Every structure is written in C-alpha cells, then in structure tokens.
file structure.cif (mmCIF, C-alpha atoms)
data_structure
#
loop_
_atom_site.label_atom_id
_atom_site.label_comp_id
_atom_site.auth_asym_id
_atom_site.auth_seq_id
_atom_site.Cartn_x
_atom_site.Cartn_y
_atom_site.Cartn_z
CA MET A 1 26.69 25.57 11.72
CA GLU A 2 24.14 26.16 8.96
CA THR A 3 24.56 29.95 9.12
CA SER A 4 28.32 29.57 8.79
CA VAL A 5 28.07 27.21 5.81
CA ALA A 6 25.57 29.44 4.04
CA ARG A 7 27.93 32.37 4.54
CA HIS A 8 30.84 30.44 2.97
CA ILE A 9 28.68 29.43 0.01
CA ASP A 10 27.45 32.99 -0.41
CA GLN A 11 31.04 34.29 -0.30
CA TYR A 12 32.13 31.82 -2.95
CA LEU A 13 29.26 32.71 -5.26
CA LYS A 14 29.80 36.45 -4.87
CA LYS A 15 33.47 35.99 -5.68
CA HIS A 16 32.48 34.08 -8.83
CA GLN A 17 29.41 36.15 -9.71
CA LYS A 18 30.81 37.40 -13.02
CA GLU A 19 31.65 33.85 -14.05
CA MET A 20 28.18 32.70 -13.03
CA ILE A 21 26.39 35.41 -15.00
CA ALA A 22 28.62 34.85 -18.02
CA PHE A 23 27.69 31.17 -17.94
CA LEU A 24 24.00 32.03 -17.68
CA LYS A 25 24.20 34.43 -20.61
CA ARG A 26 25.96 31.76 -22.63
CA LEU A 27 23.06 29.40 -22.02
CA VAL A 28 20.50 32.06 -22.94
CA ALA A 29 22.42 32.86 -26.12
CA CYS A 30 21.86 29.23 -27.16
CA GLU A 31 18.32 29.50 -28.48
CA THR A 32 16.55 26.20 -27.82
CA PRO A 33 12.94 25.94 -29.02
CA SER A 34 11.42 22.63 -27.93
CA LYS A 35 10.37 21.53 -31.39
CA ASN A 36 13.73 22.28 -33.03
CA LYS A 37 15.74 19.13 -32.33
CA SER A 38 19.08 20.38 -33.67
CA SER A 39 18.93 23.58 -31.61
CA GLN A 40 19.44 21.59 -28.40
CA GLN A 41 22.83 20.13 -29.30
CA GLN A 42 24.98 23.12 -28.39
CA ILE A 43 23.51 23.75 -24.95
CA LEU A 44 23.53 20.07 -24.02
CA LYS A 45 27.23 19.92 -25.01
CA ILE A 46 27.98 22.96 -22.83
CA LEU A 47 26.25 21.33 -19.87
CA GLU A 48 27.89 17.98 -20.52
CA ASP A 49 31.34 19.61 -20.52
CA SER A 50 30.58 21.65 -17.38
CA LEU A 51 29.47 18.59 -15.44
CA SER A 52 32.44 16.56 -16.66
CA GLU A 53 34.74 19.26 -15.28
CA LEU A 54 32.99 18.81 -11.92
CA GLY A 55 33.85 15.11 -11.92
CA PHE A 56 30.53 13.82 -13.19
CA TYR A 57 29.89 10.90 -15.49
CA THR A 58 27.58 12.17 -18.21
CA LEU A 59 25.40 10.38 -20.71
CA LEU A 60 23.43 12.13 -23.44
CA PHE A 61 20.35 10.27 -24.64
CA PRO A 62 19.31 11.56 -28.09
CA GLY A 63 15.59 11.90 -28.71
CA LYS A 64 13.66 10.61 -31.68
CA ARG A 65 11.74 13.85 -32.16
CA THR A 66 13.44 16.08 -29.57
CA GLY A 67 16.96 16.95 -28.50
CA GLY A 68 16.84 14.20 -25.88
CA TYR A 69 18.06 14.52 -22.31
CA LEU A 70 21.30 14.63 -20.33
CA PHE A 71 21.89 12.35 -17.35
CA ALA A 72 24.80 12.98 -14.97
CA ARG A 73 26.14 11.50 -11.73
CA PRO A 74 29.47 11.77 -9.88
CA LEU A 75 32.22 9.46 -11.11
CA VAL A 76 32.86 8.60 -7.47
CA LYS A 77 29.55 7.84 -5.80
CA GLU A 78 29.06 9.34 -2.36
CA GLY A 79 26.44 8.85 0.32
CA LYS A 80 23.82 6.24 1.05
CA GLY A 81 21.29 7.20 -1.58
CA ILE A 82 20.66 9.70 -4.33
CA GLN A 83 18.99 13.09 -4.63
CA LEU A 84 17.74 14.20 -8.01
CA MET A 85 17.93 17.64 -9.61
CA VAL A 86 15.66 18.13 -12.63
CA GLY A 87 15.66 20.94 -15.17
CA HIS A 88 14.90 21.63 -18.80
CA CYS A 89 16.93 23.46 -21.42
CA ASP A 90 14.16 23.96 -23.97
CA THR A 91 12.15 27.18 -24.24
CA VAL A 92 8.93 28.34 -25.86
CA TRP A 93 10.77 30.89 -27.99
CA LYS A 94 11.42 30.49 -31.72
CA LEU A 95 14.88 30.77 -33.25
CA ASN A 96 16.14 34.34 -33.70
CA THR A 97 13.88 35.67 -30.93
CA ILE A 98 17.06 36.95 -29.30
CA GLU A 99 17.28 39.59 -32.03
CA SER A 100 14.12 41.27 -30.73
CA MET A 101 14.63 40.16 -27.10
CA PRO A 102 18.38 40.67 -26.61
CA ILE A 103 20.19 39.70 -23.42
CA LYS A 104 20.52 42.85 -21.35
CA GLU A 105 21.11 44.06 -17.80
CA VAL A 106 19.09 47.01 -16.56
CA ASN A 107 18.36 48.16 -12.98
CA GLY A 108 19.46 44.91 -11.36
CA LYS A 109 17.57 42.73 -13.83
CA ILE A 110 18.96 40.38 -16.46
CA ALA A 111 16.59 39.79 -19.36
CA GLY A 112 16.53 37.37 -22.27
CA PRO A 113 14.46 34.55 -23.80
CA GLY A 114 14.39 31.54 -21.50
CA ILE A 115 16.42 33.15 -18.72
CA PHE A 116 13.65 32.85 -16.11
CA ASP A 117 12.12 29.64 -17.44
CA MET A 118 14.57 28.13 -16.78
CA LYS A 119 18.19 28.64 -17.75
CA ALA A 120 18.85 30.43 -14.48
CA GLY A 121 17.80 27.23 -12.70
CA ILE A 122 20.27 25.19 -14.74
CA THR A 123 23.01 27.68 -13.87
CA GLN A 124 22.14 27.24 -10.20
CA MET A 125 22.66 23.48 -10.46
CA ILE A 126 26.20 23.89 -11.78
CA PHE A 127 27.28 26.59 -9.35
CA ALA A 128 25.64 25.04 -6.29
CA LEU A 129 27.78 21.97 -6.92
CA LYS A 130 30.86 24.11 -7.52
CA SER A 131 30.35 26.00 -4.26
CA LEU A 132 29.90 22.81 -2.22
CA ARG A 133 33.01 21.28 -3.70
CA ASN A 134 34.98 24.45 -3.02
CA ILE A 135 34.11 24.62 0.68
CA GLY A 136 34.44 20.86 1.13
CA ALA A 137 30.85 20.19 2.17
CA LYS A 138 29.93 16.51 2.30
CA MET A 139 26.63 15.38 0.82
CA ASP A 140 25.10 12.30 2.39
CA LEU A 141 22.91 11.88 -0.68
CA CYS A 142 24.64 11.59 -4.03
CA PRO A 143 23.53 14.34 -6.47
CA VAL A 144 22.12 13.10 -9.78
CA ILE A 145 21.08 15.45 -12.58
CA LEU A 146 18.58 15.07 -15.41
CA ILE A 147 18.14 17.91 -17.90
CA ASN A 148 15.62 17.38 -20.68
CA SER A 149 14.80 19.28 -23.86
CA ASP A 150 11.07 18.57 -24.14
CA GLU A 151 9.52 19.86 -20.90
CA GLU A 152 7.68 22.72 -22.55
CA ILE A 153 5.87 20.26 -24.83
CA GLY A 154 4.99 17.72 -22.15
CA SER A 155 8.26 15.80 -21.58
CA PHE A 156 6.85 13.05 -23.79
CA GLU A 157 10.26 11.52 -24.56
CA SER A 158 11.94 12.08 -21.19
CA THR A 159 9.19 11.21 -18.71
CA MET A 160 10.07 7.52 -18.55
CA ALA A 161 13.67 8.36 -17.62
CA ILE A 162 12.49 10.84 -14.98
CA LYS A 163 10.24 8.15 -13.52
CA ARG A 164 13.05 5.58 -13.39
CA VAL A 165 15.39 7.89 -11.50
CA ALA A 166 12.67 9.30 -9.22
CA LYS A 167 11.73 5.79 -8.11
CA ILE A 168 15.19 5.24 -6.62
CA ALA A 169 15.81 8.80 -5.41
CA LYS A 170 15.20 9.86 -1.81
CA ARG A 171 14.12 13.31 -2.94
CA ALA A 172 13.88 15.56 -6.01
CA PHE A 173 14.60 19.25 -6.47
CA ILE A 174 12.94 20.90 -9.47
CA LEU A 175 14.70 24.04 -10.73
CA GLU A 176 11.66 25.65 -12.31
CA PRO A 177 11.25 29.36 -11.42
CA PRO A 178 9.49 30.28 -8.18
CA LEU A 179 6.18 32.15 -8.15
CA GLY A 180 5.89 35.91 -7.79
CA PHE A 181 8.34 38.54 -6.66
CA GLU A 182 8.27 36.87 -3.21
CA GLY A 183 9.90 33.82 -4.80
CA LYS A 184 7.37 31.34 -3.42
CA LEU A 185 8.37 27.68 -3.67
CA LYS A 186 5.91 25.37 -5.37
CA THR A 187 4.75 22.60 -3.05
CA ALA A 188 1.71 21.65 -5.13
CA ARG A 189 0.78 21.78 -8.81
CA LYS A 190 -2.36 21.05 -10.70
CA GLY A 191 -2.52 17.95 -12.83
CA ILE A 192 -2.99 18.58 -16.53
CA GLY A 193 -5.14 16.56 -18.92
CA LYS A 194 -5.60 16.98 -22.65
CA PHE A 195 -8.43 15.42 -24.60
CA VAL A 196 -9.40 15.48 -28.26
CA ILE A 197 -13.09 14.93 -29.05
CA ARG A 198 -13.94 14.08 -32.65
CA VAL A 199 -17.54 13.99 -33.88
CA LEU A 200 -18.71 12.35 -37.09
CA GLY A 201 -22.08 13.31 -38.56
CA LYS A 202 -23.84 12.93 -41.90
CA PRO A 203 -23.27 15.54 -44.66
CA ALA A 204 -26.02 16.98 -46.84
CA HIS A 205 -26.75 20.13 -48.83
CA ALA A 206 -27.88 22.82 -46.40
CA GLY A 207 -30.40 24.25 -48.87
CA LEU A 208 -31.63 21.38 -51.03
CA ASN A 209 -32.01 18.53 -48.51
CA PRO A 210 -31.04 19.65 -44.97
CA GLY A 211 -33.26 17.01 -43.38
CA GLU A 212 -31.03 14.26 -44.69
CA GLY A 213 -27.98 15.55 -42.85
CA VAL A 214 -26.90 15.34 -39.21
CA SER A 215 -24.55 18.11 -38.15
CA ALA A 216 -21.34 17.15 -36.39
CA ILE A 217 -21.03 20.78 -35.29
CA VAL A 218 -24.42 20.78 -33.57
CA GLU A 219 -23.50 17.56 -31.79
CA LEU A 220 -20.16 19.03 -30.73
CA SER A 221 -21.86 22.15 -29.38
CA TYR A 222 -24.01 19.92 -27.18
CA GLN A 223 -20.91 18.10 -25.90
CA ILE A 224 -19.18 21.41 -25.18
CA GLN A 225 -22.02 22.29 -22.82
CA ASN A 226 -21.56 18.95 -21.07
CA LEU A 227 -17.86 19.67 -20.70
CA PHE A 228 -18.56 23.12 -19.30
CA GLN A 229 -20.71 21.56 -16.58
CA LEU A 230 -17.64 19.67 -15.32
CA ASN A 231 -16.05 22.90 -14.10
CA ASP A 232 -15.92 23.20 -10.32
CA PHE A 233 -13.95 26.28 -9.40
CA GLU A 234 -14.30 25.69 -5.65
CA LYS A 235 -12.54 22.34 -6.03
CA GLY A 236 -10.06 23.77 -8.52
CA ILE A 237 -11.38 21.75 -11.46
CA THR A 238 -11.19 23.64 -14.74
CA VAL A 239 -12.31 22.23 -18.08
CA ASN A 240 -11.56 24.49 -21.02
CA VAL A 241 -12.47 23.87 -24.65
CA GLY A 242 -9.61 25.84 -26.13
CA MET A 243 -9.85 24.88 -29.80
CA ILE A 244 -12.69 23.83 -32.10
CA GLU A 245 -12.90 23.19 -35.81
CA GLY A 246 -15.28 21.53 -38.21
CA GLY A 247 -17.29 21.64 -41.37
CA SER A 248 -16.22 22.12 -44.97
CA SER A 249 -18.52 24.87 -46.28
CA ALA A 250 -21.34 27.12 -45.10
CA ASN A 251 -23.81 25.35 -47.40
CA VAL A 252 -22.96 21.82 -46.21
CA ILE A 253 -24.31 20.12 -43.09
CA ALA A 254 -21.02 19.44 -41.25
CA GLU A 255 -19.77 15.90 -41.50
CA GLU A 256 -16.93 16.31 -39.01
CA SER A 257 -15.98 18.50 -36.06
CA GLN A 258 -13.35 18.44 -33.35
CA ALA A 259 -12.57 20.04 -29.99
CA VAL A 260 -9.34 20.10 -27.98
CA VAL A 261 -9.91 20.25 -24.23
CA ASP A 262 -7.58 21.30 -21.40
CA VAL A 263 -8.37 19.97 -17.90
CA ARG A 264 -6.70 20.96 -14.61
CA VAL A 265 -7.26 19.42 -11.17
CA TYR A 266 -5.68 19.50 -7.72
CA ASN A 267 -5.72 15.79 -6.87
CA LEU A 268 -5.68 12.32 -8.39
CA GLU A 269 -9.21 11.52 -7.23
CA ASP A 270 -10.64 14.43 -9.22
CA ALA A 271 -8.40 13.57 -12.17
CA ARG A 272 -9.80 10.05 -12.34
CA GLU A 273 -13.41 11.24 -11.96
CA VAL A 274 -13.19 13.95 -14.63
CA GLU A 275 -11.29 11.69 -17.00
CA LYS A 276 -13.95 8.99 -16.64
CA LYS A 277 -16.75 11.46 -17.37
CA ILE A 278 -15.05 12.81 -20.48
CA LEU A 279 -14.19 9.39 -21.87
CA ASN A 280 -17.78 8.29 -21.31
CA LEU A 281 -19.43 11.10 -23.26
CA ARG A 282 -22.11 9.69 -25.57
CA PRO A 283 -23.74 11.29 -28.65
CA LYS A 284 -27.12 12.96 -28.24
CA HIS A 285 -28.20 13.12 -31.88
CA LYS A 286 -29.01 10.00 -33.82
CA GLY A 287 -26.67 9.56 -36.75
CA THR A 288 -23.61 10.99 -35.00
CA SER A 289 -20.70 9.21 -33.36
CA ILE A 290 -17.99 10.38 -30.99
CA ALA A 291 -14.34 9.33 -30.69
CA ILE A 292 -12.39 10.55 -27.65
CA GLU A 293 -8.69 10.24 -26.96
CA GLY A 294 -6.35 11.66 -24.35
CA GLY A 295 -5.86 11.69 -20.61
CA PHE A 296 -3.72 13.21 -17.86
CA GLY A 297 -0.16 13.58 -19.11
CA ARG A 298 0.92 15.28 -15.90
CA PRO A 299 -0.67 13.99 -12.68
CA PRO A 300 -1.25 16.46 -9.82
CA MET A 301 1.63 17.24 -7.50
CA GLU A 302 -0.04 17.08 -4.11
CA ARG A 303 1.05 18.25 -0.67
CA THR A 304 1.97 14.81 0.54
CA GLU A 305 3.57 14.20 3.93
CA ARG A 306 6.99 13.57 2.36
CA ASN A 307 6.73 16.69 0.18
CA GLN A 308 5.82 18.78 3.20
CA LYS A 309 8.79 17.43 5.15
CA LEU A 310 11.08 18.59 2.34
CA TRP A 311 9.35 21.99 2.30
CA LYS A 312 9.89 22.34 6.06
CA LEU A 313 13.58 21.63 5.55
CA ALA A 314 13.75 24.41 2.97
CA LYS A 315 11.83 26.73 5.29
CA LYS A 316 14.28 26.01 8.11
CA ILE A 317 17.30 26.57 5.89
CA GLY A 318 15.75 29.77 4.59
CA SER A 319 15.31 31.03 8.13
CA SER A 320 18.99 30.38 8.83
CA MET A 321 19.73 32.58 5.80
CA GLU A 322 17.28 35.28 7.02
CA LEU A 323 15.11 34.34 4.06
CA ASN A 324 11.39 34.11 4.77
CA LEU A 325 10.24 31.47 2.30
CA GLU A 326 6.60 30.90 1.40
CA GLU A 327 4.90 27.97 -0.32
CA THR A 328 2.25 28.04 -3.01
CA THR A 329 0.26 26.02 -5.52
CA ALA A 330 0.91 26.46 -9.23
CA GLY A 331 -1.74 26.06 -11.90
CA GLY A 332 0.77 24.87 -14.48
CA GLY A 333 2.57 21.54 -14.56
CA SER A 334 6.25 20.55 -14.55
CA ASP A 335 8.38 17.44 -14.24
CA GLY A 336 7.82 17.82 -10.50
CA ASN A 337 4.31 16.43 -11.10
CA THR A 338 6.01 13.22 -12.20
CA THR A 339 8.72 12.94 -9.52
CA SER A 340 6.17 13.65 -6.77
CA LEU A 341 4.48 10.31 -7.52
CA TYR A 342 7.61 8.47 -6.41
CA THR A 343 9.67 10.64 -4.06
CA ALA A 344 9.66 13.77 -1.92
CA THR A 345 9.63 16.74 -4.31
CA LEU A 346 10.20 20.47 -3.96
CA ASP A 347 9.58 22.67 -7.00
CA GLY A 348 10.19 26.31 -7.89
CA LEU A 349 13.80 26.40 -6.69
CA GLY A 350 14.91 28.59 -9.59
CA THR A 351 15.73 32.29 -9.54
CA VAL A 352 13.19 34.98 -8.68
CA GLY A 353 12.04 37.05 -11.64
CA ASP A 354 9.06 37.34 -13.95
CA GLY A 355 7.82 36.90 -17.49
CA ALA A 356 7.75 33.16 -18.14
CA HIS A 357 6.68 32.77 -21.77
CA ALA A 358 6.39 36.57 -22.03
CA ARG A 359 8.51 39.13 -23.83
CA HIS A 360 9.60 40.90 -20.64
CA GLU A 361 11.16 37.71 -19.23
CA PHE A 362 13.89 38.46 -16.65
CA ILE A 363 15.51 37.49 -13.36
CA PHE A 364 16.79 39.65 -10.53
CA ARG A 365 20.58 39.58 -10.63
CA GLU A 366 21.15 39.30 -6.88
CA LYS A 367 18.50 36.61 -6.45
CA LEU A 368 20.63 34.27 -8.57
CA ILE A 369 23.14 34.02 -5.72
CA GLU A 370 20.46 33.82 -3.02
CA ARG A 371 18.63 30.91 -4.64
CA THR A 372 21.85 29.10 -5.58
CA THR A 373 22.90 29.28 -1.93
CA LEU A 374 19.53 27.86 -0.90
CA LEU A 375 19.90 24.98 -3.38
CA ALA A 376 23.42 24.22 -2.20
CA MET A 377 22.26 24.15 1.41
CA LEU A 378 19.43 21.77 0.52
CA LEU A 379 21.82 19.45 -1.29
CA ALA A 380 24.07 19.34 1.77
CA ASN A 381 21.26 18.66 4.26
CA GLU A 382 19.72 15.21 4.42
CA ASP A 383 16.97 16.07 6.86
CA ILE A 384 15.75 18.71 9.27
CA GLU A 385 17.85 17.57 12.19
CA GLN A 386 21.15 16.95 10.47
CA GLU A 387 23.99 19.48 10.36
CA ILE A 388 26.24 19.92 7.33
CA ILE A 389 29.73 18.46 7.63
CA VAL A 390 32.39 20.81 6.30
CA SER A 391 36.12 20.32 5.91
CA PRO A 392 37.64 23.06 8.15
CA GLN A 393 40.63 23.61 5.88
CA LYS A 394 38.38 24.59 2.96
CA ALA A 395 35.69 26.46 4.85
#
call {"tool": "encode", "arguments": {"input": "structure.cif", "output": "structure tokens"}}
result
Amino acid sequence: METSVARHIDQYLKKHQKEMIAFLKRLVACETPSKNKSSQQQILKILEDSLSELGFYTLLFPGKRTGGYLFARPLVKEGKGIQLMVGHCDTVWKLNTIESMPIKEVNGKIAGPGIFDMKAGITQMIFALKSLRNIGAKMDLCPVILINSDEEIGSFESTMAIKRVAKIAKRAFILEPPLGFEGKLKTARKGIGKFVIRVLGKPAHAGLNPGEGVSAIVELSYQIQNLFQLNDFEKGITVNVGMIEGGSSANVIAEESQAVVDVRVYNLEDAREVEKKILNLRPKHKGTSIAIEGGFGRPPMERTERNQKLWKLAKKIGSSMELNLEETTAGGGSDGNTTSLYTATLDGLGTVGDGAHARHEFIFREKLIERTTLLAMLLANEDIEQEIIVSPQKA
C-alpha cells in the first residue's frame, strides 16, 4: 500500500513540478531578513493565501520587533489529534542580496538566498498537503502549521507559541534542511546557550598612578581561561568566547570589559552543569566585580524514545520509496529543540542541497519532489504499523 501511495504522490508532484518551482522562486524573491520587520509581510501574505486556498483557517500574529508568525489549521478538523509542521520564512540575508545572488537554475540546481534554509521546506509543506488532498489520502492526525519570522535570531517572539502547540501535538515535523548531500535527517541537535560577562574594575592613569587602578581587562582575561577549561570535546561541550571588548584608551587602566560566550551541549544535564558554573564565576582580583546574564535559549534536542520511534517511521517509509535515509546530530539549533521537549520530533525534513548562510546556497531540483513525497507520506502515517487509507476514485 505504501509503495502505491508514494507513487501517486510522486506522480502528482511531477505533474505540478513547474508550479511547485515557480512557487518556491516566488518565496525566494521575497527577501526576508530577520531583523527587517516589514520585509516579512509579503511572504506571510502569500503563505496565508495559499493555505486558505487549501481550506485552512489562518491567523497571523504580528510581532513587536519581528514580522510575527503564521498559524494555520484545517477549517474542518480531522483525526484524533494534531501533528505540527514548523518552518521559518526569515533568512540571514540583507535586503537586495538577490541582486548579487540571483535566483538561477544550473545543472539540476536551483540557487538563491534562503532557498535551502528554508524556503524549499515551506514549499514542501504546501505541496505535500496539496498532493494528499488530490489523491484523497486520509490523515488520522490533523495537520497544523506554524511559520515564524524570527528563527534565525533565536525565535524569541515565537517560542511561546511553538511551545503551546507542541504540548498538545502528538508529533512535530521540522522543515529545516537536511545535512549533507546524503540528506541526513536530524534526530538530535546541540543545545545553545549565550552568556554575557561584564567586568567592572577601577580606572587610573597607566603612567602616572597605575597602582591605583584595577584592570577590568586583566580580570576578564582570567575569566576567559576559566571558561576555556569548561570545554569537553569528548562530551560535545564547547564554550567559545566569540566577542570581547573593553577599555577606553591605551593609557587608562580599563574600567570596564565584556565578553560574549557561545555554549553548545548534547544533553540537558550538561547544559545545567555548564550554566551553573558560568553563572557562579567569581572575580579573582580585589577591586573588580562581575555581572553575568544569559542562559540556554535552545535546549538540546536529544534522541529520546519517542523521537527515535518517529525516526524509525521515516526510515521505514524511506525504504518503501527506495530511499536509504540516515540520521545525524546537528551542531546548530532550530525550533525542533523546543518541540522535542514536549512531543516526538523529527528535524531536517527539507530539501537536499548546500550552502546554508553561504553565497553558494542551493537545492537539488529533483530532491524537492523526493523530500515532499517523504513529508506527505509521514503526514499520512500515524505510526509504523498503520497503512494509509486512500480513496480509490482519486488514487
């Protein structure tokens, strides 16, 4: 049954491939830098209209500092629970990048800013639903969609909404791009913490009375060594002091200094331990003080039992499509880190390509259909044992 359904979905998508690619290019042509609130309006309206045409109730929540997020669910609720699809429409690229990175097709690749990360994934959402409706496949879990415009800057305005929906969802599919040319699905992600360490010292003239000063920079340099000692590469713990600043002049004992620290870990236990150690840093030099703020904005996405069950379903479906799927761990974070706390989560379901946040960003044209078929099959399967129910007259 699964092989037959996948074939019907594949046939539908190939028949509508030009429409699909035109839609994708339209999304890419809408430049949507995360920090440009107004730039998000056009793409969110396109998505809102597309989902409305599919019979979805849509609600656009404007952000205070971002473009907000789009929530959508079928007007007629189906099934005995919900399944969540999450994506983001914002990109890391500035406005007018498309002038130097134009949308183009060469040697089976489609390139453009934001196409891989992750406007191809958004396109998959729309066309997976279209294909299932066309062949009459019944979904036992009602599909719910949340597309935000602040993922690339930490999802700080949309995370609460993602949490609320994830708590009541039976599973979540994250349409971030897969890893590598093999298209590996992401079944684990590192948690990401950000900390800001500010040091206050005592200023003095470096030549006339240096003994009266206490350098905030010297104190910070000591703390940086402490932070470096927290690295444990075997356990996957990385602590990186990526930015430092301080002082006012070469002839002044520095009164202030600051460091911004990036921390990545594989599990919650390590996250709590490292966070505790950083927040408990104490000054070494008399006359200095330390203020520390921050924490883990994205918790680790771990290979939990429920996440692995969802991965095994994908693996099984992939086999029915003669697709040998592999799983992997990603060093970066996504909204899957959040959903994984509350429900079974599978990440990296976007289109195979390369160049996230890089100027050669692209997807493979034919992989767009392959991964959309996989997503549609996942949406139509509740668990490993269940077969998809299809209306014979439409199949």
call {"tool": "axis_aligned_box", "arguments": {"input": "structure.cif", "around": "region 328-347 of chain A", "padding_each_side": "5 Å", "output": "AutoDock Vina command-line options"}}
result
--center_x 4.2 --center_y 18.3 --center_z -8.2 --size_x 21.9 --size_y 29.6 --size_z 22.6
call {"tool": "resolve_selection", "arguments": {"input": "structure.cif", "expression": "the PyMOL selection byres ((chain A and resi 1-17) around 8)", "output": "list in words"}}
result
Lys18, Glu19, Met20, Ile21, Phe127, Ser131, Leu132, Asn134, Ile135, Ile317, Ser320, Met321, Ile369, Glu370, Thr373, Leu374, Ala376, Met377, Glu387, Ile388, Val390 and Ala395 of chain A
call {"tool": "atom_distance", "arguments": {"input": "structure.cif", "atom1": "CA of Arg164 (chain A)", "atom2": "CA of Thr338 (chain A)"}}
result
10.5 Å
call {"tool": "atom_distance", "arguments": {"input": "structure.cif", "atom1": "CA of Lys315 (chain A)", "atom2": "CA of Lys184 (chain A)"}}
result
10.8 Å
call {"tool": "closest_atom_pairs", "arguments": {"input": "structure.cif", "of": "region 293-330 of chain A", "to": "region 141-163 of chain A", "cutoff": "12 Å", "atoms": "all atoms listed in the file", "output": "CSV"}}
result
residue,atom,partner,partner_atom,distance
A:Phe296,CA,A:Gly154,CA,10.7
A:Gly297,CA,A:Gly154,CA,7.3
A:Arg298,CA,A:Gly154,CA,7.8
A:Pro299,CA,A:Gly154,CA,11.6
call {"tool": "closest_residue", "arguments": {"input": "structure.cif", "among": "A:Lys284, A:Arg365, A:Lys309, A:Lys25", "to": "Leu220 (chain A)", "atoms": "all atoms listed in the file"}}
result
A:Lys284
call {"tool": "resolve_selection", "arguments": {"input": "structure.cif", "expression": "the PyMOL selection byres ((chain A and resi 268) around 9)", "output": "list in words"}}
result
Gly191, Val265, Tyr266, Asn267, Glu269, Asp270, Ala271, Arg272, Glu273, Pro299, Pro300, Met301 and Glu302 of chain A
call {"tool": "residues_around", "arguments": {"input": "structure.cif", "residues": "Lys45 (chain A)", "least_positions_apart": "5", "cutoff": "10 Å", "atoms": "all atoms listed in the file", "output": "list in words"}}
result
Gln40, Ser50, Leu51, Leu60 and Leu70 of chain A
call {"tool": "residues_near_point", "arguments": {"input": "structure.cif", "point": "(-9.9, 22.5, -14.3)", "cutoff": "9 Å", "atoms": "only C-alpha atoms", "output": "list in words"}}
result
Lys190, Gly191, Ile192, Gly193, Leu230, Asn231, Asp232, Phe233, Lys235, Gly236, Ile237, Thr238, Val239, Asn240, Asp262, Val263, Arg264, Val265 and Tyr266 of chain A
call {"tool": "resolve_selection", "arguments": {"input": "structure.cif", "expression": "the PyMOL selection byres ((chain A and resi 28) around 8)", "output": "PyMOL selection string"}}
result
chain A and resi 24-27+29-31+103+112-115+119
call {"tool": "build_atoms", "arguments": {"input": "structure.cif", "residues": "region 227-244 of chain A", "atoms": "N, CA and C atoms", "output": "compact mmCIF listing (two decimals), keeping the file's coordinate frame"}}
result
# COMPACT_ATOMS: atom_id res chain seq x y z
N LEU A 227 -19.21 19.46 -21.23
CA LEU A 227 -17.86 19.67 -20.70
C LEU A 227 -17.82 20.87 -19.76
N PHE A 228 -18.52 21.92 -20.13
CA PHE A 228 -18.56 23.12 -19.30
C PHE A 228 -19.12 22.82 -17.92
N GLN A 229 -20.09 21.92 -17.86
CA GLN A 229 -20.71 21.56 -16.58
C GLN A 229 -19.74 20.85 -15.64
N LEU A 230 -18.63 20.36 -16.16
CA LEU A 230 -17.64 19.67 -15.32
C LEU A 230 -16.78 20.63 -14.52
N ASN A 231 -16.82 21.91 -14.86
CA ASN A 231 -16.05 22.90 -14.10
C ASN A 231 -16.54 22.97 -12.65
N ASP A 232 -15.59 23.02 -11.73
CA ASP A 232 -15.92 23.20 -10.32
C ASP A 232 -14.81 24.06 -9.73
N PHE A 233 -15.01 25.37 -9.78
CA PHE A 233 -13.95 26.28 -9.40
C PHE A 233 -13.61 26.18 -7.91
N GLU A 234 -14.57 25.84 -7.08
CA GLU A 234 -14.30 25.69 -5.65
C GLU A 234 -13.34 24.54 -5.39
N LYS A 235 -13.44 23.48 -6.18
CA LYS A 235 -12.54 22.34 -6.03
C LYS A 235 -11.29 22.48 -6.90
N GLY A 236 -11.23 23.56 -7.68
CA GLY A 236 -10.06 23.77 -8.52
C GLY A 236 -10.08 22.99 -9.81
N ILE A 237 -11.26 22.50 -10.20
CA ILE A 237 -11.38 21.75 -11.46
C ILE A 237 -11.75 22.72 -12.58
N THR A 238 -10.89 22.79 -13.59
CA THR A 238 -11.19 23.64 -14.74
C THR A 238 -11.16 22.79 -16.01
N VAL A 239 -12.20 22.94 -16.81
CA VAL A 239 -12.31 22.23 -18.08
C VAL A 239 -12.52 23.28 -19.16
N ASN A 240 -11.52 23.43 -20.02
CA ASN A 240 -11.56 24.49 -21.02
C ASN A 240 -11.48 23.92 -22.43
N VAL A 241 -12.50 24.22 -23.23
CA VAL A 241 -12.47 23.87 -24.65
C VAL A 241 -11.73 25.00 -25.36
N GLY A 242 -10.46 24.77 -25.62
CA GLY A 242 -9.61 25.84 -26.13
C GLY A 242 -9.55 25.94 -27.63
N MET A 243 -9.90 24.86 -28.34
CA MET A 243 -9.85 24.88 -29.80
C MET A 243 -11.01 24.07 -30.36
N ILE A 244 -11.66 24.60 -31.39
CA ILE A 244 -12.69 23.83 -32.10
C ILE A 244 -12.51 24.05 -33.60
